[in-house]
Each structure stands twice: as C-alpha cells, then as structure tokens.
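target16.txt (compact mmCIF, N, CA and C atoms) appears below.
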# COMPACT_ATOMS: atom_id res chain seq x y z
N MET A 1 -6.94 -4.30 21.99
CA MET A 1 -6.33 -3.10 22.49
C MET A 1 -5.87 -2.26 21.31
N ALA A 2 -6.23 -1.03 21.29
CA ALA A 2 -5.89 -0.13 20.19
C ALA A 2 -4.48 0.42 20.36
N ALA A 3 -3.93 0.90 19.26
CA ALA A 3 -2.60 1.52 19.30
C ALA A 3 -2.68 2.83 20.07
N PRO A 4 -1.57 3.23 20.68
CA PRO A 4 -1.55 4.49 21.42
C PRO A 4 -1.82 5.68 20.51
N VAL A 5 -2.34 6.75 21.09
CA VAL A 5 -2.60 7.97 20.35
C VAL A 5 -1.28 8.47 19.75
N GLY A 6 -1.31 8.84 18.48
CA GLY A 6 -0.10 9.34 17.81
C GLY A 6 0.67 8.26 17.07
N ASN A 7 0.29 7.01 17.20
CA ASN A 7 0.96 5.92 16.51
C ASN A 7 0.62 6.01 15.02
N SER A 8 1.63 6.10 14.18
CA SER A 8 1.39 6.27 12.74
C SER A 8 1.86 5.06 11.93
N ASN A 9 2.00 3.90 12.56
CA ASN A 9 2.46 2.71 11.85
C ASN A 9 1.52 2.32 10.72
N ALA A 10 0.23 2.39 10.93
CA ALA A 10 -0.73 2.02 9.89
C ALA A 10 -0.62 2.94 8.68
N LYS A 11 -0.34 4.20 8.91
CA LYS A 11 -0.21 5.17 7.82
C LYS A 11 0.96 4.82 6.91
N LYS A 12 2.06 4.33 7.49
CA LYS A 12 3.23 3.96 6.70
C LYS A 12 2.88 2.85 5.72
N GLY A 13 2.15 1.87 6.18
CA GLY A 13 1.73 0.77 5.31
C GLY A 13 0.81 1.25 4.22
N LYS A 14 -0.06 2.19 4.52
CA LYS A 14 -0.99 2.73 3.54
C LYS A 14 -0.25 3.51 2.45
N GLU A 15 0.76 4.24 2.84
CA GLU A 15 1.54 5.00 1.85
C GLU A 15 2.21 4.04 0.87
N TRP A 16 2.78 2.95 1.37
CA TRP A 16 3.42 1.95 0.50
C TRP A 16 2.37 1.33 -0.42
N PHE A 17 1.22 0.95 0.13
CA PHE A 17 0.15 0.35 -0.66
C PHE A 17 -0.29 1.30 -1.77
N ASP A 18 -0.49 2.57 -1.44
CA ASP A 18 -0.94 3.55 -2.42
C ASP A 18 0.09 3.74 -3.54
N ALA A 19 1.37 3.81 -3.19
CA ALA A 19 2.42 3.98 -4.19
C ALA A 19 2.51 2.75 -5.10
N LEU A 20 2.43 1.56 -4.51
CA LEU A 20 2.50 0.33 -5.28
C LEU A 20 1.31 0.20 -6.22
N ARG A 21 0.13 0.54 -5.71
CA ARG A 21 -1.07 0.47 -6.54
C ARG A 21 -0.99 1.43 -7.71
N LYS A 22 -0.51 2.65 -7.46
CA LYS A 22 -0.39 3.65 -8.52
C LYS A 22 0.54 3.16 -9.63
N GLU A 23 1.68 2.61 -9.26
CA GLU A 23 2.63 2.11 -10.24
C GLU A 23 2.05 0.95 -11.05
N CYS A 24 1.37 0.05 -10.36
CA CYS A 24 0.77 -1.10 -11.05
C CYS A 24 -0.27 -0.66 -12.06
N VAL A 25 -1.08 0.31 -11.70
CA VAL A 25 -2.13 0.79 -12.60
C VAL A 25 -1.51 1.52 -13.80
N GLN A 26 -0.54 2.37 -13.54
CA GLN A 26 0.07 3.15 -14.62
C GLN A 26 0.80 2.28 -15.63
N LYS A 27 1.38 1.19 -15.18
CA LYS A 27 2.20 0.37 -16.07
C LYS A 27 1.50 -0.91 -16.50
N ASP A 28 0.21 -1.03 -16.21
CA ASP A 28 -0.56 -2.23 -16.55
C ASP A 28 0.12 -3.47 -15.98
N ALA A 29 0.75 -3.29 -14.81
CA ALA A 29 1.57 -4.34 -14.22
C ALA A 29 0.77 -5.55 -13.78
N LEU A 30 -0.41 -5.35 -13.21
CA LEU A 30 -1.17 -6.50 -12.71
C LEU A 30 -1.52 -7.47 -13.83
N ARG A 31 -1.90 -6.96 -14.98
CA ARG A 31 -2.22 -7.84 -16.11
C ARG A 31 -0.98 -8.61 -16.54
N LYS A 32 0.16 -7.92 -16.59
CA LYS A 32 1.40 -8.57 -17.01
C LYS A 32 1.85 -9.62 -15.99
N ILE A 33 1.74 -9.29 -14.72
CA ILE A 33 2.12 -10.24 -13.67
C ILE A 33 1.20 -11.46 -13.72
N ALA A 34 -0.09 -11.23 -13.86
CA ALA A 34 -1.05 -12.34 -13.94
C ALA A 34 -0.74 -13.23 -15.13
N SER A 35 -0.37 -12.64 -16.24
CA SER A 35 -0.02 -13.40 -17.43
C SER A 35 1.18 -14.31 -17.17
N VAL A 36 2.18 -13.79 -16.48
CA VAL A 36 3.37 -14.60 -16.15
C VAL A 36 3.00 -15.75 -15.22
N VAL A 37 2.18 -15.46 -14.21
CA VAL A 37 1.79 -16.51 -13.26
C VAL A 37 1.01 -17.61 -13.96
N VAL A 38 0.08 -17.24 -14.84
CA VAL A 38 -0.70 -18.25 -15.57
C VAL A 38 0.21 -19.06 -16.49
N GLU A 39 1.13 -18.42 -17.15
CA GLU A 39 2.07 -19.13 -18.03
C GLU A 39 2.91 -20.13 -17.24
N LYS A 40 3.41 -19.70 -16.08
CA LYS A 40 4.20 -20.60 -15.22
C LYS A 40 3.35 -21.77 -14.73
N ALA A 41 2.08 -21.51 -14.40
CA ALA A 41 1.18 -22.58 -13.96
C ALA A 41 0.98 -23.59 -15.08
N MET A 42 0.84 -23.10 -16.28
CA MET A 42 0.65 -23.99 -17.42
C MET A 42 1.92 -24.82 -17.70
N GLN A 43 3.08 -24.32 -17.28
CA GLN A 43 4.34 -25.05 -17.45
C GLN A 43 4.56 -26.04 -16.32
N GLY A 44 3.66 -26.04 -15.33
CA GLY A 44 3.74 -27.01 -14.24
C GLY A 44 4.41 -26.52 -12.98
N GLU A 45 4.68 -25.21 -12.88
CA GLU A 45 5.29 -24.68 -11.67
C GLU A 45 4.28 -24.76 -10.51
N THR A 46 4.66 -25.50 -9.47
CA THR A 46 3.74 -25.74 -8.35
C THR A 46 3.29 -24.46 -7.67
N TRP A 47 4.22 -23.53 -7.43
CA TRP A 47 3.87 -22.29 -6.74
C TRP A 47 2.84 -21.50 -7.53
N ALA A 48 2.96 -21.52 -8.87
CA ALA A 48 2.03 -20.77 -9.71
C ALA A 48 0.66 -21.44 -9.74
N ILE A 49 0.65 -22.75 -9.79
CA ILE A 49 -0.62 -23.48 -9.75
C ILE A 49 -1.35 -23.18 -8.45
N GLN A 50 -0.60 -23.20 -7.33
CA GLN A 50 -1.20 -22.89 -6.04
C GLN A 50 -1.75 -21.48 -6.01
N GLU A 51 -1.02 -20.54 -6.57
CA GLU A 51 -1.46 -19.14 -6.57
C GLU A 51 -2.77 -18.98 -7.35
N VAL A 52 -2.84 -19.59 -8.51
CA VAL A 52 -4.06 -19.52 -9.32
C VAL A 52 -5.22 -20.17 -8.57
N ALA A 53 -4.98 -21.35 -8.01
CA ALA A 53 -6.04 -22.05 -7.28
C ALA A 53 -6.51 -21.23 -6.08
N ASN A 54 -5.57 -20.62 -5.36
CA ASN A 54 -5.94 -19.82 -4.20
C ASN A 54 -6.78 -18.62 -4.59
N ARG A 55 -6.51 -18.03 -5.74
CA ARG A 55 -7.28 -16.86 -6.18
C ARG A 55 -8.68 -17.24 -6.60
N PHE A 56 -8.84 -18.41 -7.20
CA PHE A 56 -10.17 -18.83 -7.62
C PHE A 56 -10.97 -19.49 -6.50
N ASP A 57 -10.32 -20.34 -5.72
CA ASP A 57 -11.02 -21.13 -4.71
C ASP A 57 -10.84 -20.59 -3.29
N GLY A 58 -9.92 -19.69 -3.10
CA GLY A 58 -9.59 -19.23 -1.76
C GLY A 58 -8.56 -20.17 -1.14
N LYS A 59 -7.85 -19.68 -0.15
CA LYS A 59 -6.85 -20.50 0.51
C LYS A 59 -7.55 -21.57 1.34
N PRO A 60 -6.97 -22.77 1.40
CA PRO A 60 -7.58 -23.80 2.23
C PRO A 60 -7.54 -23.43 3.71
N ALA A 61 -8.54 -23.85 4.43
CA ALA A 61 -8.59 -23.57 5.88
C ALA A 61 -7.46 -24.33 6.57
N GLN A 62 -6.83 -23.69 7.53
CA GLN A 62 -5.77 -24.36 8.28
C GLN A 62 -6.37 -25.28 9.33
N ALA A 63 -5.68 -26.36 9.57
CA ALA A 63 -6.17 -27.36 10.54
C ALA A 63 -6.11 -26.82 11.95
Could you show the structure in this file as structure tokens?
Amino acid sequence: MAAPVGNSNAKKGKEWFDALRKECVQKDALRKIASVVVEKAMQGETWAIQEVANRFDGKPAQA
C-alpha cells in the first residue's frame, strides 16, 4: 500500500541523507571514520570487527 497523496515523509529522509553526504564528502569524513573503525578492529574491539566483516562479507542471514 502506497503512502497517501501529499505525504512528504520520504522527502525529509532524503534531505537529511543529502546534507550528511555533502558534509562527509567536503570533510573527507568517510575516509577518517573508516580509518578509526579499522584501527579499533585491529585493537580487538568486537563491534569494529563485526562492522568490517559485514562490509566485506555482508550481514549474515537471519534465522
């Protein structure tokens, strides 16, 4: 079932995504964030190891 005519909820999410993407690109943020996650994974942080594995292998299928 589609959203009612005039519903602009999806647009709100797109505006946030666009603003976040612009900031990340301008400040080279994604490279810096990735560097921190990899460093934490190398230090043994479980959440970071999972994040790296999920990006390379994809998330495991749920039972």
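The spacing separating atom N of A:Gln50 from atom C of A:Val36 amounts to 11.4 Å.
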*Please identify which residues in chain A DSSP calls helix (DSSP H, G or I) from the backbone, and express them as a VMD selection string.*
chain A and resid 9 to 26 29 to 42 46 to 57
*asked:* For a test of reading the model, state the distance in Å between atom C of A:Ala41 and atom CA of A:Ala63, rounded to one decimal.
replied: 26.9 Å
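Rounded to one decimal, atom CA of A:Glu51 and atom N of A:Lys14 lie 24.1 Å from each other.
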Taking all listed atoms of stretch 41-51 of chain A, build the axis-aligned box, pad each of the six sides by 6 Å, then write its centre and edge lengths in Å to one decimal as lines of an AutoDock Vina configuration file.
center_x = 1.3
center_y = -23.0
center_z = -11.9
size_x = 20.1
size_y = 20.0
size_z = 23.7
Can you patch up stretch 44-55 of chain A, filling it in to all heavy atoms, and show the result as a tab-separated table (two decimals), keeping the file's coordinate frame?
chain	number	residue	atom	x	y	z
A	44	GLY	N	3.66	-26.04	-15.33
A	44	GLY	CA	3.74	-27.01	-14.24
A	44	GLY	C	4.41	-26.52	-12.98
A	44	GLY	O	4.67	-27.32	-12.07
A	45	GLU	N	4.68	-25.21	-12.88
A	45	GLU	CA	5.29	-24.68	-11.67
A	45	GLU	C	4.28	-24.76	-10.51
A	45	GLU	O	3.21	-24.16	-10.57
A	45	GLU	CB	5.71	-23.22	-11.87
A	45	GLU	CG	6.85	-23.03	-12.84
A	45	GLU	CD	8.19	-23.40	-12.23
A	45	GLU	OE1	8.31	-23.52	-10.99
A	45	GLU	OE2	9.14	-23.57	-13.01
A	46	THR	N	4.66	-25.50	-9.47
A	46	THR	CA	3.74	-25.74	-8.35
A	46	THR	C	3.29	-24.46	-7.67
A	46	THR	O	2.11	-24.30	-7.36
A	46	THR	CB	4.42	-26.67	-7.32
A	46	THR	OG1	4.85	-27.86	-7.99
A	46	THR	CG2	3.46	-27.04	-6.22
A	47	TRP	N	4.22	-23.53	-7.43
A	47	TRP	CA	3.87	-22.29	-6.74
A	47	TRP	C	2.84	-21.50	-7.53
A	47	TRP	O	1.95	-20.88	-6.96
A	47	TRP	CB	5.11	-21.43	-6.47
A	47	TRP	CG	5.78	-20.94	-7.72
A	47	TRP	CD1	6.80	-21.54	-8.39
A	47	TRP	CD2	5.45	-19.76	-8.45
A	47	TRP	NE1	7.14	-20.80	-9.51
A	47	TRP	CE2	6.32	-19.70	-9.57
A	47	TRP	CE3	4.51	-18.75	-8.29
A	47	TRP	CZ2	6.28	-18.68	-10.51
A	47	TRP	CZ3	4.48	-17.72	-9.23
A	47	TRP	CH2	5.35	-17.69	-10.32
A	48	ALA	N	2.96	-21.52	-8.87
A	48	ALA	CA	2.03	-20.77	-9.71
A	48	ALA	C	0.66	-21.44	-9.74
A	48	ALA	O	-0.37	-20.76	-9.71
A	48	ALA	CB	2.60	-20.63	-11.12
A	49	ILE	N	0.65	-22.75	-9.79
A	49	ILE	CA	-0.62	-23.48	-9.75
A	49	ILE	C	-1.35	-23.18	-8.45
A	49	ILE	O	-2.55	-22.92	-8.44
A	49	ILE	CB	-0.38	-25.00	-9.92
A	49	ILE	CG1	0.17	-25.30	-11.32
A	49	ILE	CG2	-1.66	-25.79	-9.65
A	49	ILE	CD1	0.71	-26.70	-11.49
A	50	GLN	N	-0.60	-23.20	-7.33
A	50	GLN	CA	-1.20	-22.89	-6.04
A	50	GLN	C	-1.75	-21.48	-6.01
A	50	GLN	O	-2.83	-21.23	-5.47
A	50	GLN	CB	-0.18	-23.05	-4.92
A	50	GLN	CG	0.02	-24.47	-4.48
A	50	GLN	CD	0.94	-24.54	-3.29
A	50	GLN	OE1	1.98	-23.89	-3.26
A	50	GLN	NE2	0.57	-25.34	-2.31
A	51	GLU	N	-1.02	-20.54	-6.57
A	51	GLU	CA	-1.46	-19.14	-6.57
A	51	GLU	C	-2.77	-18.98	-7.35
A	51	GLU	O	-3.70	-18.32	-6.89
A	51	GLU	CB	-0.37	-18.25	-7.17
A	51	GLU	CG	-0.65	-16.78	-7.04
A	51	GLU	CD	-0.68	-16.30	-5.60
A	51	GLU	OE1	0.06	-16.82	-4.77
A	51	GLU	OE2	-1.48	-15.38	-5.32
A	52	VAL	N	-2.84	-19.59	-8.51
A	52	VAL	CA	-4.06	-19.52	-9.32
A	52	VAL	C	-5.22	-20.17	-8.57
A	52	VAL	O	-6.32	-19.59	-8.49
A	52	VAL	CB	-3.84	-20.17	-10.71
A	52	VAL	CG1	-5.15	-20.29	-11.46
A	52	VAL	CG2	-2.83	-19.37	-11.52
A	53	ALA	N	-4.98	-21.35	-8.01
A	53	ALA	CA	-6.04	-22.05	-7.28
A	53	ALA	C	-6.51	-21.23	-6.08
A	53	ALA	O	-7.71	-21.12	-5.82
A	53	ALA	CB	-5.55	-23.42	-6.82
A	54	ASN	N	-5.57	-20.62	-5.36
A	54	ASN	CA	-5.94	-19.82	-4.20
A	54	ASN	C	-6.78	-18.62	-4.59
A	54	ASN	O	-7.68	-18.21	-3.86
A	54	ASN	CB	-4.69	-19.34	-3.45
A	54	ASN	CG	-4.00	-20.45	-2.69
A	54	ASN	OD1	-4.58	-21.51	-2.47
A	54	ASN	ND2	-2.77	-20.21	-2.32
A	55	ARG	N	-6.51	-18.03	-5.74
A	55	ARG	CA	-7.28	-16.86	-6.18
A	55	ARG	C	-8.68	-17.24	-6.60
A	55	ARG	O	-9.63	-16.49	-6.39
A	55	ARG	CB	-6.57	-16.14	-7.34
A	55	ARG	CG	-5.23	-15.57	-6.96
A	55	ARG	CD	-5.40	-14.52	-5.87
A	55	ARG	NE	-4.12	-14.24	-5.26
A	55	ARG	CZ	-3.93	-13.43	-4.25
A	55	ARG	NH1	-4.96	-12.82	-3.71
A	55	ARG	NH2	-2.75	-13.26	-3.75
